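Enquirer: For reference, the structure I am asking about is given below.
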Amino acid sequence: MKKSEWSDREIERLLRQMPIIQDHRNPRDIYDNLSLKKRKMFSWVLPSIATAAALFLFLILGAKLMDRGPFSQLSLDRASDKQPSEQNIVMKKKEDALAIKESLSKPENLKQASKDLLKSAVYEDEVANGKVITYWIPDDQAQNLIPISTIVQDPENKSWLDIFNEKMTELNENKWGLADYYPLNAEFSYDKRNHTLDVNVPADHQYGQGSANELMFMNIIKKDISSNSNVKKVRLFTNGQPGIEFGNTGIKEEFNIEPEKNQAYFFYYPNDHKIPYLVPTTVSFKTIKEAIVAMKKDQPDLGLKKSMLLKLREKDISIRNKTLYVSMEKNSRINNDQFTLFSFEALLLTAKEFGIEKVVIKNPPSKQIGPFELTKENKVPIAPNLRKIK
Amino acid sequence: MDSVFDELYNNYHQDVFQFLFYMVRNREQAEDLVQEVYIRVFKSYHRFEGKSSEKTWLFSIARNVAIDYFRKQKGWKDKLLERFDWSSSQVKDDDPIPEEITVQKEEIQWVYKCLEYCTADQRAVIIFRFLHDLSISETAEALGWSESKVKTTQHRTLKLIKKQMESLYQKEGLTSEKVRVER
């Protein structure tokens, strides 16, 4: 018989001969396992409900925390800047700030008119006996340098450089949506005899690595010094020896500081922040008219947004006695909202770049934007982007 | 102990267990899956309408449990590999043969091996029909199929097993038959 040929019947027969398989476990064990499994399922359900609830809470709280942009910080900061004798005003300001914070939590609300608008720059009447120090901080993409100013109460009457060095360690760049750059890995000291500022870096400094890196380092030194002092010359040292070696530029021993003038201020929004910083361009403009025209358009290359929301007549811009006179287009309006206020501040800051001390709108369609009275002349600010440093 | 469990255990436990054993070809796995069958039965016992016999109802649940197990076994990786590697579906003889089978005569072992080449549904039909002696209509009930589908599947599967047996025979030869020839 050829065994390679099985009939269907034979296969069926073989299948029927397959051994009987039995479960030898005790039925009690099986039953116990079952109830264990049931319980297991239950014990798995509770934690997952708890996790879901926790996630839900986290989302809600997270969203609330995210909404605290730099503006809310700023408003609270400014409130606490005041002297304790003005306690009542402080309280009121805080309330105002909270109200604004709430109204700013949704971007569309930003356009809503509000009485309690806040200025972003530092003005003469706010400084009192304090000193204003400005730090230039790179943004996240290291594209723009953002000037951040702070008012420091200085009963001991220290020099600007001492305060600069002291406060540099307390900057909170990440909270402001900027890159962590300070404290600088360098010592600044003033040489009275030569009227120079000496910058000394340690031997293992990283500032010479990469052309972007070294340019940024030098730019920040230049801007930090020119914003805060009249020093005209910087000498560079490495570990006490003259000169700092930069990868691309080579060894550099000194450079002169020529204050940059005639720049236009734009809006800059760090990652998803709803409140802009006022940031000057790197390029200079011949006339303030050119600067104002430029401010009406975004600068996409640098990530800067247009800051001129006022409809100024380009043909009617004039300067007399360090005062800038502008006029509005016919039938144009001035909204009394936070962005219009920032835009007016951008105009003031830009005017300051051109050596102007006061700004007048000749035909203001409304009397004020927040705290600015448009019927009067307004003084230019002392420094942009006031923030509190603890 | 639960009276429902008692009743089910006494009447059907070993049948369901044997069915699962031949489906997944692994004792431990069958032990796990039979637990799952109980859980599903308890969940839906109140919905059992008595339209079918309790036995076919239990078998249909057991078959669903086995199918779900196969689906879970096939992760996305396997599914992906399967697309590119057709040989893997042809040859999959890496599961060890359970002890209960190895003590049987060689032909039985071969049939067991050949069952591996069947799809899950084909295997279910064969197990119901020949190992549990269900009728065509009972098998159809347990699978939720028509009787003619059971018949054709059974016919095709027997053919497939026969073919596999023959190829095994050509590869390995049957030692028992050799003995017979020598006589």
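The way I read the labels, and the way they are meant: chains A, B, ... in the order of the structure tokens, residue 1 as the first residue of every chain, and ligand 1 as the first ligand shown, with later ones counted on from there.
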What are the residues of chain B that have an atom within 7 Å of an atom of chain A, counting only C-alpha atoms, as a PyMOL selection string?
Expert: chain B and resi 14+17-18+35+108+130-131+158+162+166+169
Enquirer: Would you list the contacts of A:Thr249 as a list in words, taking every protein, DNA or RNA residue within 10 Å and counting only C-alpha atoms, but skipping same-chain residues closer than 4 positions in sequence?
Expert: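 The residues that qualify are Gly208, Ser211, Glu214, Leu215, Ile244 and Glu245 of chain A.
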Enquirer: Keeping C-alpha atoms, export the residues of the selection given above as a PDB file, in the first residue's frame.
Expert:
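New file again.pdb:
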```pdb
ATOM      1  CA  GLY A 208      35.125  83.247  19.794  1.00  0.00           C
ATOM      2  CA  SER A 211      31.201  84.040  13.401  1.00  0.00           C
ATOM      3  CA  GLU A 214      31.578  86.542  18.062  1.00  0.00           C
ATOM      4  CA  LEU A 215      29.534  89.164  16.235  1.00  0.00           C
ATOM      5  CA  ILE A 244      40.527  88.319  22.735  1.00  0.00           C
ATOM      6  CA  GLU A 245      40.938  85.727  20.011  1.00  0.00           C
TER       7      GLU A 245
END
```
